[in-house]
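*Asks:* As input, take model.cif (mmCIF, C-alpha atoms):
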data_model
loop_
_atom_site.label_atom_id
_atom_site.label_comp_id
_atom_site.auth_asym_id
_atom_site.auth_seq_id
_atom_site.Cartn_x
_atom_site.Cartn_y
_atom_site.Cartn_z
CA MET A 1424 -8.96 0.29 -13.49
CA ARG A 1425 -6.06 2.45 -12.51
CA LYS A 1426 -2.54 1.09 -12.74
CA LEU A 1427 -0.93 0.29 -9.42
CA LEU A 1428 2.28 2.25 -9.13
CA ASN A 1429 5.19 1.34 -6.94
CA THR A 1430 5.85 2.27 -3.34
CA LEU A 1431 9.30 3.35 -2.31
CA PHE A 1432 10.36 2.21 1.15
CA VAL A 1433 13.34 3.87 2.78
CA THR A 1434 14.55 1.89 5.78
CA THR A 1435 18.25 2.74 5.93
CA PRO A 1436 18.86 5.01 8.92
CA GLU A 1437 20.43 8.43 8.35
CA THR A 1438 19.03 8.85 4.86
CA TYR A 1439 17.82 12.11 3.43
CA LEU A 1440 15.30 12.41 0.63
CA ALA A 1441 15.73 15.21 -1.86
CA LEU A 1442 14.16 16.35 -5.09
CA ASP A 1443 16.10 16.67 -8.33
CA GLY A 1444 13.99 17.64 -11.32
CA GLU A 1445 11.27 15.00 -11.32
CA ASN A 1446 13.34 12.49 -9.38
CA ILE A 1447 13.49 11.58 -5.76
CA VAL A 1448 17.09 11.16 -4.67
CA ILE A 1449 17.93 9.01 -1.66
CA LYS A 1450 21.10 10.28 -0.02
CA LYS A 1451 23.21 8.94 2.77
CA GLU A 1452 25.94 11.35 3.89
CA ASP A 1453 27.58 12.28 0.58
CA THR A 1454 26.65 9.23 -1.43
CA THR A 1455 23.53 8.77 -3.48
CA LEU A 1456 21.88 5.45 -2.73
CA GLY A 1457 19.45 5.76 -5.58
CA ARG A 1458 17.20 7.95 -7.64
CA VAL A 1459 13.71 7.16 -8.85
CA PRO A 1460 11.43 9.16 -11.17
CA LEU A 1461 8.40 10.29 -9.19
CA HIS A 1462 5.90 9.41 -11.90
CA ASN A 1463 6.54 5.71 -11.19
CA LEU A 1464 5.56 6.09 -7.55
CA GLU A 1465 2.26 5.82 -5.72
CA SER A 1466 3.69 6.52 -2.31
CA ILE A 1467 6.85 6.85 -0.29
CA VAL A 1468 7.23 5.36 3.18
CA THR A 1469 10.29 6.26 5.19
CA THR A 1470 11.53 5.21 8.60
CA GLY A 1471 14.70 7.30 8.39
CA TYR A 1472 15.48 10.04 10.89
CA LEU A 1473 16.76 12.80 8.68
CA GLY A 1474 13.67 13.46 6.67
CA ALA A 1475 12.91 14.99 3.34
CA SER A 1476 13.46 18.32 1.68
CA PRO A 1477 10.58 20.82 1.59
CA ALA A 1478 10.81 20.85 -2.19
CA LEU A 1479 10.20 17.11 -2.29
CA MET A 1480 7.29 17.39 0.11
CA ARG A 1481 5.69 20.05 -2.02
CA LYS A 1482 6.17 17.98 -5.16
CA CYS A 1483 4.65 14.91 -3.54
CA ALA A 1484 1.63 16.88 -2.40
CA GLU A 1485 1.25 18.32 -5.88
CA LYS A 1486 1.50 14.95 -7.61
CA ASN A 1487 -0.67 13.22 -5.03
CA ILE A 1488 2.07 10.88 -3.90
CA GLY A 1489 1.61 9.77 -0.30
CA LEU A 1490 4.65 10.62 1.76
CA THR A 1491 4.54 8.86 5.10
CA PHE A 1492 6.98 9.05 7.96
CA LEU A 1493 7.11 6.14 10.38
CA THR A 1494 9.29 5.93 13.45
CA ASN A 1495 11.92 3.20 13.48
CA THR A 1496 9.55 1.07 15.54
CA GLY A 1497 7.08 1.26 12.67
CA LYS A 1498 4.72 3.57 14.48
CA PHE A 1499 2.93 6.13 12.38
CA GLY A 1500 4.54 9.54 12.57
CA SER A 1501 3.05 11.82 9.97
CA ARG A 1502 1.79 12.00 6.45
CA VAL A 1503 2.15 14.81 3.98
CA THR A 1504 -0.95 15.69 2.01
CA GLY A 1505 -1.68 18.53 -0.35
CA GLY A 1506 -4.67 20.80 -0.49
CA THR A 1507 -7.98 18.98 -0.46
CA THR A 1508 -9.13 18.32 -3.96
CA GLY A 1509 -11.92 16.32 -5.44
CA ASN A 1510 -15.59 16.75 -5.32
CA VAL A 1511 -17.09 19.14 -2.75
CA THR A 1512 -20.60 17.80 -3.13
CA LEU A 1513 -19.34 14.29 -2.53
CA ARG A 1514 -17.56 15.35 0.65
CA LYS A 1515 -20.54 17.34 1.90
CA LYS A 1516 -22.68 14.28 1.43
CA GLN A 1517 -20.15 12.30 3.47
CA TYR A 1518 -20.27 14.88 6.28
CA ARG A 1519 -24.05 14.99 6.29
CA LEU A 1520 -24.41 11.22 6.48
CA SER A 1521 -21.76 10.96 9.20
CA ASP A 1522 -23.89 13.22 11.39
CA ILE A 1523 -26.97 11.03 11.08
CA GLU A 1524 -26.69 7.89 13.15
CA GLU A 1525 -29.12 5.90 11.04
CA GLU A 1526 -27.30 6.65 7.81
CA SER A 1527 -23.89 6.05 9.35
CA LEU A 1528 -25.07 2.73 10.67
CA ALA A 1529 -26.24 1.66 7.23
CA ILE A 1530 -22.70 2.05 5.93
CA ALA A 1531 -20.77 1.00 9.03
CA ARG A 1532 -22.78 -2.21 9.16
CA HIS A 1533 -21.36 -3.25 5.80
CA PHE A 1534 -17.78 -2.62 6.86
CA ILE A 1535 -18.22 -4.98 9.79
CA ILE A 1536 -20.19 -7.57 7.86
CA GLY A 1537 -17.32 -7.58 5.40
CA LYS A 1538 -14.82 -7.99 8.19
CA LEU A 1539 -16.61 -10.92 9.83
CA TYR A 1540 -17.38 -12.59 6.54
CA ASN A 1541 -13.73 -12.49 5.54
CA GLN A 1542 -12.54 -13.73 8.93
CA ARG A 1543 -14.99 -16.60 8.68
CA TRP A 1544 -13.63 -17.44 5.30
CA MET A 1545 -10.12 -17.57 6.81
CA LEU A 1546 -11.27 -19.94 9.55
CA GLU A 1547 -13.18 -22.18 7.16
CA ARG A 1548 -10.30 -22.33 4.76
CA LEU A 1549 -7.89 -23.34 7.53
CA THR A 1550 -10.14 -26.16 8.66
CA ARG A 1551 -10.29 -27.39 5.11
CA GLU A 1552 -6.60 -27.20 4.42
CA ASN A 1553 -5.12 -28.19 7.76
CA PRO A 1554 -7.68 -30.39 9.52
CA MET A 1555 -4.96 -32.39 11.26
CA ARG A 1556 -3.12 -29.46 12.78
CA ILE A 1557 -5.86 -27.35 14.27
CA ASP A 1558 -8.76 -27.89 16.60
CA VAL A 1559 -11.41 -28.22 13.90
CA GLU A 1560 -14.30 -28.30 16.31
CA ARG A 1561 -13.28 -25.04 17.92
CA PHE A 1562 -12.77 -23.39 14.54
CA LYS A 1563 -16.20 -24.55 13.39
CA GLN A 1564 -17.73 -23.30 16.60
CA ILE A 1565 -16.27 -19.80 16.36
CA SER A 1566 -16.96 -19.64 12.65
CA GLY A 1567 -20.57 -20.37 13.54
CA GLU A 1568 -20.53 -17.61 16.13
CA LEU A 1569 -19.22 -15.14 13.56
CA LYS A 1570 -22.07 -16.20 11.31
CA ASN A 1571 -24.55 -15.42 14.09
CA TYR A 1572 -22.90 -12.06 14.70
CA ILE A 1573 -23.41 -11.23 11.02
CA GLU A 1574 -27.08 -12.06 11.41
CA ASP A 1575 -27.27 -9.90 14.55
CA ILE A 1576 -25.66 -6.96 12.77
CA ARG A 1577 -28.41 -6.97 10.18
CA LEU A 1578 -30.99 -6.34 12.91
CA ILE A 1579 -29.36 -3.80 15.22
CA ASP A 1580 -30.44 -0.18 15.14
CA ASN A 1581 -27.62 1.78 16.74
CA LEU A 1582 -23.89 2.24 16.38
CA GLU A 1583 -23.17 1.42 20.01
CA SER A 1584 -24.41 -2.16 19.57
CA LEU A 1585 -22.46 -2.45 16.35
CA ARG A 1586 -19.24 -1.50 18.14
CA GLY A 1587 -20.13 -3.95 20.89
CA ILE A 1588 -20.64 -6.85 18.51
CA GLU A 1589 -17.52 -5.92 16.61
CA GLY A 1590 -15.49 -6.05 19.83
CA GLN A 1591 -16.89 -9.40 20.91
CA ALA A 1592 -16.35 -10.92 17.48
CA ALA A 1593 -12.75 -9.68 17.43
CA ASN A 1594 -12.11 -11.34 20.79
CA ARG A 1595 -13.51 -14.64 19.59
CA TYR A 1596 -11.53 -14.51 16.36
CA PHE A 1597 -8.25 -13.70 18.10
CA LEU A 1598 -8.72 -16.72 20.38
CA LEU A 1599 -7.88 -18.83 17.35
CA PHE A 1600 -5.06 -16.73 16.04
CA ASP A 1601 -2.40 -18.70 17.90
CA GLN A 1602 -3.59 -21.87 16.17
CA MET A 1603 -3.33 -20.27 12.78
CA ILE A 1604 0.41 -20.08 13.31
CA LEU A 1605 1.54 -23.43 11.99
CA GLN A 1606 5.31 -23.05 11.91
CA GLN A 1607 8.01 -21.69 14.25
CA LYS A 1608 5.58 -22.02 17.14
CA SER A 1609 8.20 -21.51 19.85
CA ASP A 1610 9.23 -18.10 18.50
CA PHE A 1611 5.84 -16.90 17.36
CA GLY A 1612 3.22 -17.49 20.00
CA PHE A 1613 0.13 -15.35 20.18
CA TYR A 1614 -1.46 -14.73 23.56
CA GLY A 1615 -3.71 -11.83 22.77
CA ARG A 1616 -3.52 -8.57 20.98
CA ASN A 1617 -1.34 -5.87 22.52
CA ARG A 1618 -0.05 -2.61 21.13
CA ARG A 1619 1.60 0.68 22.04
CA PRO A 1620 4.00 -0.96 22.37
CA PRO A 1621 3.62 -4.46 20.94
CA LEU A 1622 5.10 -6.95 23.39
CA ASP A 1623 5.85 -9.94 21.19
CA ASN A 1624 6.94 -10.79 17.67
CA VAL A 1625 3.47 -11.44 16.30
CA ASN A 1626 2.01 -8.24 17.72
CA ALA A 1627 4.96 -6.24 16.41
CA MET A 1628 4.19 -7.45 12.89
CA LEU A 1629 0.43 -7.00 13.22
CA SER A 1630 0.91 -3.42 14.35
CA LEU A 1631 3.18 -2.63 11.44
CA ALA A 1632 0.85 -4.28 8.94
CA TYR A 1633 -2.16 -2.34 10.28
CA THR A 1634 -0.20 0.91 10.13
CA LEU A 1635 0.68 0.32 6.48
CA LEU A 1636 -2.85 -0.74 5.59
CA ALA A 1637 -4.36 2.31 7.32
CA GLN A 1638 -2.05 4.59 5.33
CA GLU A 1639 -3.04 2.90 2.10
CA CYS A 1640 -6.73 3.20 2.92
CA ALA A 1641 -6.36 6.89 3.78
CA ALA A 1642 -4.54 7.55 0.52
CA ALA A 1643 -7.15 5.59 -1.45
CA LEU A 1644 -9.99 7.61 0.08
CA GLU A 1645 -8.25 10.85 -0.73
CA THR A 1646 -7.71 9.73 -4.32
CA VAL A 1647 -11.44 9.36 -4.88
CA GLY A 1648 -12.15 12.70 -3.19
CA LEU A 1649 -13.41 11.54 0.22
CA ASP A 1650 -12.23 12.88 3.55
CA PRO A 1651 -10.37 10.10 5.40
CA TYR A 1652 -10.86 11.86 8.74
CA VAL A 1653 -14.65 11.71 8.84
CA GLY A 1654 -15.80 8.19 9.63
CA PHE A 1655 -19.10 6.39 10.02
CA MET A 1656 -18.28 3.78 12.63
CA HIS A 1657 -15.18 5.32 14.15
CA GLN A 1658 -16.01 8.62 15.77
CA ASP A 1659 -14.31 11.85 14.87
CA ARG A 1660 -11.20 12.57 16.84
CA PRO A 1661 -8.64 15.17 15.84
CA GLY A 1662 -5.84 13.60 13.87
CA ARG A 1663 -7.47 10.23 13.49
CA ALA A 1664 -8.27 9.05 10.00
CA SER A 1665 -11.59 7.54 11.07
CA LEU A 1666 -12.94 6.68 7.64
CA ALA A 1667 -9.63 5.01 6.76
CA LEU A 1668 -10.05 2.89 9.89
CA ASP A 1669 -13.64 2.08 8.88
CA LEU A 1670 -12.60 1.04 5.41
CA MET A 1671 -9.74 -0.97 6.79
CA GLU A 1672 -11.97 -3.19 8.94
CA GLU A 1673 -12.98 -5.48 6.13
CA LEU A 1674 -9.36 -5.89 5.04
CA ARG A 1675 -7.72 -6.41 8.42
CA GLY A 1676 -8.08 -10.18 8.55
CA ILE A 1677 -7.90 -11.06 4.95
CA TYR A 1678 -5.10 -8.70 4.07
CA ALA A 1679 -2.98 -7.79 7.09
CA ASP A 1680 -3.45 -10.85 9.33
CA ARG A 1681 -3.05 -13.26 6.49
CA PHE A 1682 0.07 -11.46 5.36
CA VAL A 1683 1.64 -11.78 8.81
CA LEU A 1684 0.66 -15.45 9.01
CA THR A 1685 2.25 -16.12 5.62
CA LEU A 1686 5.51 -14.52 6.72
CA ILE A 1687 5.65 -16.83 9.73
CA ASN A 1688 4.27 -19.99 8.19
CA LYS A 1689 6.49 -19.78 5.13
CA LYS A 1690 9.45 -18.94 7.37
CA MET A 1691 10.16 -15.75 5.47
CA ILE A 1692 10.79 -14.06 8.78
CA THR A 1693 12.46 -15.64 11.81
CA GLU A 1694 13.26 -14.94 15.43
CA LYS A 1695 16.52 -13.18 14.55
CA ASP A 1696 14.57 -10.41 12.77
CA PHE A 1697 13.28 -9.02 16.07
CA VAL A 1698 14.78 -7.21 19.03
CA LYS A 1699 13.34 -6.65 22.47
CA LYS A 1700 13.85 -3.19 23.88
CA GLU A 1701 14.41 -2.50 27.56
CA SER A 1702 10.88 -1.15 27.82
CA GLY A 1703 9.58 -4.57 26.82
CA ALA A 1704 8.57 -3.39 23.37
CA VAL A 1705 9.40 -5.75 20.53
CA ILE A 1706 10.39 -4.25 17.19
CA LEU A 1707 11.67 -5.54 13.89
CA THR A 1708 15.38 -5.12 13.16
CA ASP A 1709 16.44 -3.12 10.11
CA ASP A 1710 16.84 -6.34 8.15
CA GLY A 1711 13.53 -7.63 9.42
CA ARG A 1712 11.72 -4.49 8.36
CA ARG A 1713 13.36 -4.72 4.95
CA ILE A 1714 12.01 -8.24 4.45
CA PHE A 1715 8.62 -7.14 5.73
CA PHE A 1716 8.35 -4.23 3.29
CA GLN A 1717 9.64 -6.30 0.40
CA LYS A 1718 7.04 -9.02 0.95
CA TRP A 1719 4.32 -6.42 1.54
CA GLN A 1720 5.09 -4.89 -1.81
CA GLU A 1721 5.12 -8.27 -3.55
CA LYS A 1722 1.76 -9.07 -2.01
CA LYS A 1723 0.37 -5.80 -3.31
CA GLN A 1724 1.38 -6.73 -6.82
CA GLU A 1725 -0.38 -10.10 -6.75
CA GLN A 1726 -3.45 -10.25 -8.93
CA ILE A 1727 -6.92 -11.13 -7.73
CA GLN A 1728 -10.39 -11.12 -9.13
CA HIS A 1729 -12.41 -8.39 -7.44
CA PRO A 1730 -15.60 -10.18 -6.29
CA PHE A 1731 -17.92 -7.23 -6.91
CA LEU A 1732 -16.33 -5.50 -9.89
CA GLY A 1733 -15.53 -8.83 -11.54
CA GLU A 1734 -12.28 -7.38 -12.78
CA LYS A 1735 -8.71 -8.56 -12.28
CA ILE A 1736 -6.79 -6.09 -10.16
CA ASN A 1737 -3.70 -6.04 -7.94
CA TRP A 1738 -4.21 -6.70 -4.24
CA GLY A 1739 -2.71 -3.28 -3.65
CA LEU A 1740 -5.60 -1.65 -5.49
CA VAL A 1741 -8.28 -3.21 -3.28
CA PRO A 1742 -8.43 -0.22 -0.88
CA TYR A 1743 -8.77 2.05 -3.90
CA ALA A 1744 -11.50 -0.11 -5.46
CA GLN A 1745 -13.45 -0.08 -2.17
CA ALA A 1746 -13.02 3.68 -1.80
CA LEU A 1747 -14.37 4.02 -5.32
CA LEU A 1748 -17.40 1.87 -4.51
CA LEU A 1749 -18.02 3.88 -1.35
CA SER A 1750 -18.01 7.12 -3.31
CA ARG A 1751 -20.39 5.59 -5.86
CA PHE A 1752 -22.74 4.72 -3.02
CA LEU A 1753 -22.53 8.26 -1.63
CA ARG A 1754 -23.34 9.57 -5.08
CA GLU A 1755 -26.33 7.24 -5.06
CA ASP A 1756 -25.10 5.29 -8.05
CA LEU A 1757 -25.28 2.16 -5.87
CA ASP A 1758 -28.06 1.16 -3.47
CA GLY A 1759 -25.66 0.06 -0.77
CA TYR A 1760 -21.96 -0.07 -0.11
CA PRO A 1761 -20.68 -3.46 -1.25
CA PRO A 1762 -17.94 -4.63 1.11
CA PHE A 1763 -15.03 -6.68 -0.21
CA LEU A 1764 -16.21 -10.25 0.31
CA TRP A 1765 -13.41 -12.65 -0.45
CA LYS A 1766 -14.05 -16.23 -1.45
CA MET B 364 5.62 0.12 -20.99
CA LEU B 365 9.37 0.34 -21.08
CA VAL B 366 10.97 2.62 -23.62
CA LEU B 367 14.63 2.90 -24.34
CA ILE B 368 15.86 6.34 -25.33
CA THR B 369 19.25 7.01 -26.84
CA TYR B 370 20.58 10.22 -28.27
CA ASP B 371 23.47 11.82 -30.04
CA VAL B 372 23.83 15.51 -29.43
CA ALA B 373 26.51 17.36 -31.40
CA THR B 374 28.66 19.03 -28.76
CA SER B 375 31.09 20.85 -31.06
CA SER B 376 29.47 24.18 -30.28
CA LYS B 377 28.74 25.81 -26.95
CA ASN B 378 25.03 25.46 -27.61
CA GLY B 379 25.56 21.73 -28.11
CA THR B 380 26.79 21.08 -24.59
CA ARG B 381 23.87 23.01 -23.23
CA ARG B 382 21.45 20.94 -25.33
CA LEU B 383 23.15 17.73 -24.21
CA ARG B 384 22.75 18.65 -20.57
CA LYS B 385 19.10 19.55 -21.03
CA VAL B 386 18.29 16.36 -22.94
CA ALA B 387 19.99 14.22 -20.28
CA LYS B 388 18.13 16.03 -17.53
CA LYS B 389 14.80 15.59 -19.26
CA CYS B 390 15.39 11.87 -19.78
CA GLN B 391 16.32 11.50 -16.14
CA ASP B 392 13.05 13.10 -15.10
CA TYR B 393 11.27 10.18 -16.71
CA GLY B 394 13.62 7.26 -16.19
CA GLN B 395 16.82 5.67 -15.23
CA ARG B 396 20.22 6.35 -16.78
CA VAL B 397 21.60 2.94 -17.69
CA GLN B 398 24.57 4.08 -19.78
CA ASN B 399 26.00 7.43 -20.77
CA SER B 400 23.43 8.50 -23.32
CA VAL B 401 21.00 5.64 -22.78
CA PHE B 402 17.91 5.86 -20.62
CA GLU B 403 15.23 3.35 -19.68
CA CYS B 404 11.87 4.86 -18.82
CA VAL B 405 8.75 3.09 -17.60
CA VAL B 406 5.96 5.33 -18.91
CA ASP B 407 2.41 5.08 -20.15
CA ALA B 408 1.34 6.24 -23.61
CA THR B 409 0.49 9.77 -22.42
CA GLU B 410 3.76 10.24 -20.66
CA LEU B 411 5.65 8.98 -23.68
CA THR B 412 3.93 11.47 -25.98
CA LYS B 413 4.77 14.24 -23.54
CA LEU B 414 8.37 13.15 -23.14
CA LYS B 415 8.81 12.87 -26.90
CA LYS B 416 7.50 16.36 -27.50
CA GLU B 417 9.69 17.82 -24.78
CA LEU B 418 12.78 16.13 -26.19
CA VAL B 419 12.05 17.17 -29.77
CA ASP B 420 11.72 20.75 -28.57
CA LEU B 421 15.14 20.54 -26.92
CA ILE B 422 17.24 19.07 -29.71
CA ASP B 423 18.43 20.65 -32.91
CA GLU B 424 17.13 18.33 -35.60
CA GLU B 425 19.79 19.52 -38.05
CA LEU B 426 22.61 18.31 -35.84
CA ASP B 427 21.31 15.86 -33.22
CA SER B 428 19.46 12.58 -33.29
CA LEU B 429 17.13 10.75 -30.99
CA ARG B 430 16.06 7.09 -31.03
CA ILE B 431 13.14 5.71 -29.07
CA TYR B 432 12.61 1.95 -28.74
CA ARG B 433 9.32 0.72 -27.36
CA LEU B 434 9.85 -2.51 -25.43
CA GLY B 435 6.22 -2.94 -24.32
CA ASN B 436 4.78 -4.06 -21.03
CA ASN B 437 6.43 -7.46 -20.88
CA TYR B 438 9.93 -6.17 -21.19
CA GLN B 439 11.53 -8.18 -18.38
CA LYS B 440 12.78 -10.92 -20.67
CA LYS B 441 13.88 -8.55 -23.39
CA VAL B 442 16.62 -6.87 -21.41
CA GLU B 443 19.84 -8.47 -20.35
CA HIS B 444 22.66 -6.76 -18.53
CA ILE B 445 26.30 -7.82 -18.55
CA GLY B 446 29.09 -6.14 -16.65
CA VAL B 447 29.19 -3.24 -14.25
CA LYS B 448 26.58 -0.62 -13.34
CA GLU B 449 23.70 -3.00 -12.76
CA SER B 450 20.42 -1.09 -12.90
CA PHE B 451 17.35 -1.69 -10.74
CA ASN B 452 13.87 -2.67 -11.77
CA ILE B 453 11.55 0.24 -11.20
CA GLU B 454 8.52 -2.05 -10.84
CA ALA B 455 10.02 -4.48 -8.31
CA PRO B 456 9.88 -3.70 -4.58
CA LEU B 457 11.93 -0.54 -4.02
CA ILE B 458 13.64 -0.66 -0.67
CA PHE B 459 16.61 1.47 0.23
#
Please render this file's structure as structure tokens.
*Replies:*
Amino acid sequence: MRKLLNTLFVTTPETYLALDGENIVIKKEDTTLGRVPLHNLESIVTTGYLGASPALMRKCAEKNIGLTFLTNTGKFGSRVTGGTTGNVTLRKKQYRLSDIEEESLAIARHFIIGKLYNQRWMLERLTRENPMRIDVERFKQISGELKNYIEDIRLIDNLESLRGIEGQAANRYFLLFDQMILQQKSDFGFYGRNRRPPLDNVNAMLSLAYTLLAQECAAALETVGLDPYVGFMHQDRPGRASLALDLMEELRGIYADRFVLTLINKKMITEKDFVKKESGAVILTDDGRRIFFQKWQEKKQEQIQHPFLGEKINWGLVPYAQALLLSRFLREDLDGYPPFLWK
Amino acid sequence: MLVLITYDVATSSKNGTRRLRKVAKKCQDYGQRVQNSVFECVVDATELTKLKKELVDLIDEELDSLRIYRLGNNYQKKVEHIGVKESFNIEAPLIF
């Protein structure tokens, strides 16, 4: 398995990123905040305003380093990618299958089964570990519903029903999300998912976590030679990385949601790390975002046993491992796409 | 793995200063300058071979010297820093 390289996060406002030899140099006015050799980096995520030099962008594209610009609210701005590389036959296969509903469904089904399976695992685990603090009956009930949805998904024959079930299941799951928050309840209540803009602390963090995860999925797909913009469940729309969104489904709960819950429940992040804008939007402060990125990176470096590959890898390599498995399926080396089923 | 690279480049001639500059620049491409002619680079075996060749091509083996210390993958406990110019860990979260 590939080695997970580091991600460089630039959160200080007014910073400029430049290239010097094989180094990225982070500059603020006339001082150099730091310099890092590019070969140690997997991707660069910046929320600064000033941007990056064209030379650096070109170098990143050449070396396949993801360079992502987010706005200071954590919203996705843009991503620099180089010329499409990889395997043409693999990509053509992807395009062909995406045009056939039946074939798309066969793959999309597994993304959603993975998602529901993992969410169920989260619910079950919470009832086991915190039976006194949550409404066990309700958790068991919804966990049972998710199980039924998984059964239903096996039988459906069109994408429309799949999207329908996915939506219903998401609603049921999010009903319990507030109860999964065990600490700092008064500052971190969850009353439903909202976005563009997120209106409370929890939604602000969920949005940022999903943005980061989507970027990582898109980069992982590109690394194995797939086109992140052509999806199976998510329909094509200009500028939307549909396949990255597909791939992300199975990781949303287990990776992003759980990450956000950990930050709250372990009190790594507190009320003072957020500000409410006049528009009602809630965003993380500069310090808050710093903590968020730091913990995100630490999480990515944690080791897990990949349930299908049976190999120990970093959490951060899971999107890559799944992209790899998807490409193996498209090449017909595997009979089906094996979603990431955590246990 | 972490490798530590130190060098002595004879700067008595005009060519020497040019070599010194080039060697420093090359080391910086691969790693972090921790002291004046001391660099720490986190590289894999391929990158190390490449770096070594590039450095050997730059120096004048009659006059200059180069030392490479391989500190392995578990280098964290092998390095201790005292005093000013604290360096950063290239494999820890990088947030600026």
*Asks:* Using all atoms listed in the file, which residues sit within 9 Å of Leu383 (chain B) once same-chain residues fewer than 5 positions away are excluded, as an NGL selection string?
*Replies:* :B and (370-374 or 378 or 388 or 421-422)
*Asks:* Quick check, in Å to one decimal: how far apart do CA of Tyr1633 (chain A) and CA of Arg1751 (chain A) lie?
*Replies:*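 Rounded to one decimal, the two atoms are 25.6 Å apart.
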*Asks:* Tell me, as a compact mmCIF listing (two decimals) with C-alpha atoms, in the frame of the given file, which residues lie within 9 Å of Phe1499 (chain A), counting all atoms listed in the file; anything in the same chain fewer than 5 positions away does not count.
*Replies:*
# COMPACT_ATOMS: atom_id res chain seq x y z
CA THR A 1491 4.54 8.86 5.10
CA PHE A 1492 6.98 9.05 7.96
CA LEU A 1493 7.11 6.14 10.38
CA THR A 1494 9.29 5.93 13.45
CA LEU A 1631 3.18 -2.63 11.44
CA THR A 1634 -0.20 0.91 10.13
CA LEU A 1635 0.68 0.32 6.48
CA GLN A 1638 -2.05 4.59 5.33
*Asks:* Could you list the residues in chain B lying within 9 Å of chain A, using only C-alpha atoms, and format the result as a list in words?
*Replies:*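 That gives Lys388, Lys389, Gln391, Asp392, Tyr393, Gly394, Gln395, Cys404, Val405, Val406, Ile453, Glu454, Ala455, Pro456, Leu457, Ile458 and Phe459 of chain B for chain B.
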*Asks:* I'd like the contact shell of Glu1485 (chain A) - 12 Å cut-off, only C-alpha atoms, skipping same-chain residues fewer than 2 positions apart - returned as number ranges by chain.
*Replies:* A: 1445, 1461-1462, 1478-1483, 1487-1490, 1503-1508
*Asks:* List the residues matched by the PyMOL selection byres ((chain A and resi 1615-1623) around 7) in the displayed structure as an NGL selection string, ordered by chain and then by residue number.
*Replies:* :A and (1597 or 1613-1614 or 1624-1627 or 1630 or 1703-1705)
*Asks:* Between CA of Leu429 (chain B) and CA of Leu414 (chain B), what distance in Å does the model show, to one decimal?
*Replies:*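 Rounded to one decimal, the two atoms are 12.0 Å apart.
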*Asks:* Which residues would end up in the selection if the PyMOL selection byres ((chain A and resi 1549-1566) around 8) were applied here, given that I need the answer as a VMD selection string?
*Replies:* chain A and resid 1543 1545 to 1548 1567 to 1570 1595 to 1596 1599 1602 to 1603 1605
*Asks:* Have a look at CA of Leu1473 (chain A) and CA of Val1698 (chain A) and let me know their distance in Å, one decimal.
*Replies:*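 Distance between the two atoms: 22.6 Å.
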*Asks:* Do you know which residues are at most 8 Å from region 1680-1686 of chain A counting all atoms listed in the file, after dropping those on the same chain fewer than 4 positions away, and could you put them as a PyMOL selection string?
*Replies:* chain A and resi 1603-1604+1625+1628-1629+1632+1675-1676+1690-1692+1719+1722
*Asks:* Go through B:Thr369, B:Arg430, B:Ser375, B:Val397 one by one, measure the shortest atom-to-atom distance of each to Glu443 (chain B) using all atoms listed in the file, and give the residue with the smallest value.
*Replies:*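 Among B:Thr369, B:Arg430, B:Ser375, B:Val397, it is B:Val397 that comes nearest to Glu443 (chain B).
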*Asks:* Carefully work through the PyMOL selection byres ((chain B and resi 436) around 7) for this structure and note down the residues it includes, as a PyMOL selection string.
*Replies:* chain B and resi 364-365+434-435+437-438
*Asks:* Using only C-alpha atoms for the distances, tell me which of B:Glu425, B:Arg433, B:Lys441, B:Lys448 is nearest to Gly379 (chain B).
*Replies:* B:Glu425
